[in-house]
$ cat target05.pdb   # PDB, C-alpha atoms
ATOM      1  CA  MET A1287     -21.025 -12.723  15.976
ATOM      2  CA  ASP A1288     -20.584 -12.014  12.275
ATOM      3  CA  ILE A1289     -21.131 -15.655  11.453
ATOM      4  CA  LEU A1290     -24.648 -15.375  12.885
ATOM      5  CA  PHE A1291     -25.350 -12.544  10.450
ATOM      6  CA  VAL A1292     -24.119 -14.647   7.529
ATOM      7  CA  ILE A1293     -26.182 -17.656   8.610
ATOM      8  CA  GLY A1294     -29.248 -15.438   9.059
ATOM      9  CA  PHE A1295     -28.717 -13.902   5.606
ATOM     10  CA  PHE A1296     -28.367 -17.360   4.077
ATOM     11  CA  LEU A1297     -31.483 -18.713   5.799
ATOM     12  CA  THR A1298     -33.510 -15.632   4.871
ATOM     13  CA  LEU A1299     -32.592 -16.104   1.229
ATOM     14  CA  LEU A1300     -33.560 -19.768   1.371
ATOM     15  CA  LEU A1301     -36.868 -19.071   3.155
ATOM     16  CA  THR A1302     -37.874 -16.391   0.635
ATOM     17  CA  GLY A1303     -37.673 -18.852  -2.227
ATOM     18  CA  ILE A1304     -34.189 -18.271  -3.558
ATOM     19  CA  SER A1305     -32.531 -21.500  -4.671
ATOM     20  CA  LEU A1306     -29.492 -22.892  -2.918
ATOM     21  CA  LEU A1307     -27.273 -21.895  -5.851
ATOM     22  CA  GLY A1308     -28.707 -18.364  -5.788
ATOM     23  CA  ALA A1309     -28.107 -18.086  -2.033
ATOM     24  CA  ILE A1310     -24.491 -19.224  -2.395
ATOM     25  CA  ALA A1311     -23.978 -16.785  -5.272
ATOM     26  CA  ALA A1312     -25.446 -13.982  -3.141
ATOM     27  CA  LEU A1313     -23.043 -14.871  -0.309
ATOM     28  CA  VAL A1314     -20.072 -14.814  -2.690
ATOM     29  CA  VAL A1315     -21.084 -11.451  -4.165
ATOM     30  CA  ALA A1316     -21.722  -9.977  -0.714
ATOM     31  CA  THR A1317     -18.338 -11.241   0.500
ATOM     32  CA  LEU A1318     -16.520  -9.696  -2.462
ATOM     33  CA  LEU A1319     -18.329  -6.372  -2.051
ATOM     34  CA  MET A1320     -17.508  -6.260   1.655
ATOM     35  CA  LEU A1321     -13.868  -7.125   0.929
ATOM     36  CA  VAL A1322     -13.490  -4.387  -1.687
ATOM     37  CA  GLY A1323     -15.324  -1.880   0.514
ATOM     38  CA  GLY A1324     -13.143  -2.752   3.507
ATOM     39  CA  LEU A1325      -9.954  -2.354   1.484
ATOM     40  CA  PHE A1326     -11.133   1.007   0.145
ATOM     41  CA  ILE A1327     -11.999   2.301   3.614
ATOM     42  CA  THR A1328      -8.649   1.074   4.965
ATOM     43  CA  VAL A1329      -6.826   3.007   2.238
ATOM     44  CA  LEU A1330      -8.814   6.126   3.098
ATOM     45  CA  LYS A1331      -7.982   5.739   6.797
ATOM     46  CA  VAL A1332      -4.255   5.224   6.169
ATOM     47  CA  LEU A1333      -3.891   7.842   3.409
ATOM     48  CA  PRO A1334      -3.300  10.865   5.711
ATOM     49  CA  TRP A1335      -0.497   9.008   7.503
ATOM     50  CA  LEU A1336       1.100   8.021   4.196
ATOM     51  CA  LEU A1337       0.955  11.622   3.007
ATOM     52  CA  LEU A1338       2.451  12.774   6.310
ATOM     53  CA  ALA A1339       5.317  10.288   5.938
ATOM     54  CA  VAL A1340       5.993  11.450   2.368
ATOM     55  CA  ALA A1341       5.964  15.093   3.488
ATOM     56  CA  ALA A1342       8.329  14.337   6.393
ATOM     57  CA  VAL A1343      10.809  12.607   4.085
ATOM     58  CA  TRP A1344      10.570  15.484   1.603
ATOM     59  CA  VAL A1345      11.231  18.061   4.345
ATOM     60  CA  TYR A1346      14.144  16.021   5.690
ATOM     61  CA  ARG A1347      15.759  15.596   2.281
ATOM     62  CA  THR A1348      15.306  19.201   1.128
ATOM     63  CA  GLY A1349      15.638  21.240   4.296
ATOM     64  CA  ILE A1350      17.249  19.469   7.187
ATOM     65  CA  ASN A1351      19.741  17.220   5.401
ATOM     66  CA  PRO A1352      20.364  18.433   1.853
ATOM     67  CA  THR A1353      22.630  15.837   0.283
ATOM     68  CA  ARG A1354      24.341  16.355  -3.017
ATOM     69  CA  ARG A1355      22.944  13.994  -5.598
ATOM     70  CA  VAL A1356      25.608  12.355  -7.670
ATOM     71  CA  SER A1357      24.712  10.305 -10.713
ATOM     72  CA  ALA A1358      25.702   6.648 -10.846
ATOM     73  CA  ARG A1359      28.001   7.233 -13.835
ATOM     74  CA  ARG A1360      29.859  10.032 -12.045
ATOM     75  CA  ARG A1361      30.147   7.922  -8.890
ATOM     76  CA  LYS A1362      31.751   5.074 -10.856
ATOM     77  CA  SER A1363      34.237   7.402 -12.504
ATOM     78  CA  GLN A1364      35.166   8.870  -9.117
ATOM     79  CA  GLN A1365      35.747   5.362  -7.742
ATOM     80  CA  ARG A1366      38.036   4.530 -10.681
ATOM     81  CA  VAL A1367      40.052   7.689 -10.054
ATOM     82  CA  ARG A1368      40.387   6.899  -6.361
ATOM     83  CA  ARG A1369      41.580   3.350  -7.119
ATOM     84  CA  SER A1370      44.193   4.611  -9.560
ATOM     85  CA  TRP A1371      45.706   6.869  -6.880
ATOM     86  CA  HIS A1372      46.478   3.921  -4.598
TER      87      HIS A1372
END
$ encode --input "target05.pdb" --output "structure tokens"
Amino acid sequence: MDILFVIGFFLTLLLTGISLLGAIAALVVATLLMLVGGLFITVLKVLPWLLLAVAAVWVYRTGINPTRRVSARRRKSQQRVRRSWH
């Protein structure tokens, strides 16, 4: 059904005196604008769910399962100590 809209837009541009190159340029610009607009709206629709996921992970890491953060350097030194015991 959308293809009929595009064909109608193209024919209307041609019938109003716009050249073929101008009609093709108008189709390209319209396509890019619709693509950018669609991506923007998709981000707005998904944003609350992304924020909810971030909040859930934050609550899990700080409240439900507080794990002790150990730096990578300290972890390596602890592994060396453990190996030397064996």
$ axis_aligned_box --input "target05.pdb" --around "region 1315-1319 of chain A" --padding-each-side "6 Å" --output "JSON"
{"center_x": -19.1, "center_y": -8.9, "center_z": -1.8, "size_x": 17.2, "size_y": 17.1, "size_z": 16.7}
$ resolve_selection --input "target05.pdb" --expression "the PyMOL selection byres ((chain A and resi 1294-1296) around 12)" --output "ChimeraX atom specification"
/A:1287-1293,1297-1314,1316-1317
$ write_last_selection --input "target05.pdb" --atoms "C-alpha atoms" --output "mmCIF file, in the frame of the given file"
data_model
loop_
_atom_site.group_PDB
_atom_site.id
_atom_site.type_symbol
_atom_site.label_atom_id
_atom_site.label_comp_id
_atom_site.auth_asym_id
_atom_site.auth_seq_id
_atom_site.Cartn_x
_atom_site.Cartn_y
_atom_site.Cartn_z
ATOM 1 C CA MET A 1287 -21.025 -12.723 15.976
ATOM 2 C CA ASP A 1288 -20.584 -12.014 12.275
ATOM 3 C CA ILE A 1289 -21.131 -15.655 11.453
ATOM 4 C CA LEU A 1290 -24.648 -15.375 12.885
ATOM 5 C CA PHE A 1291 -25.350 -12.544 10.450
ATOM 6 C CA VAL A 1292 -24.119 -14.647 7.529
ATOM 7 C CA ILE A 1293 -26.182 -17.656 8.610
ATOM 8 C CA LEU A 1297 -31.483 -18.713 5.799
ATOM 9 C CA THR A 1298 -33.510 -15.632 4.871
ATOM 10 C CA LEU A 1299 -32.592 -16.104 1.229
ATOM 11 C CA LEU A 1300 -33.560 -19.768 1.371
ATOM 12 C CA LEU A 1301 -36.868 -19.071 3.155
ATOM 13 C CA THR A 1302 -37.874 -16.391 0.635
ATOM 14 C CA GLY A 1303 -37.673 -18.852 -2.227
ATOM 15 C CA ILE A 1304 -34.189 -18.271 -3.558
ATOM 16 C CA SER A 1305 -32.531 -21.500 -4.671
ATOM 17 C CA LEU A 1306 -29.492 -22.892 -2.918
ATOM 18 C CA LEU A 1307 -27.273 -21.895 -5.851
ATOM 19 C CA GLY A 1308 -28.707 -18.364 -5.788
ATOM 20 C CA ALA A 1309 -28.107 -18.086 -2.033
ATOM 21 C CA ILE A 1310 -24.491 -19.224 -2.395
ATOM 22 C CA ALA A 1311 -23.978 -16.785 -5.272
ATOM 23 C CA ALA A 1312 -25.446 -13.982 -3.141
ATOM 24 C CA LEU A 1313 -23.043 -14.871 -0.309
ATOM 25 C CA VAL A 1314 -20.072 -14.814 -2.690
ATOM 26 C CA ALA A 1316 -21.722 -9.977 -0.714
ATOM 27 C CA THR A 1317 -18.338 -11.241 0.500
#
$ atom_distance --input "target05.pdb" --atom1 "CA of Leu1321 (chain A)" --atom2 "CA of Leu1333 (chain A)"
18.2 Å
$ atom_distance --input "target05.pdb" --atom1 "CA of Tyr1346 (chain A)" --atom2 "CA of Pro1334 (chain A)"
18.2 Å
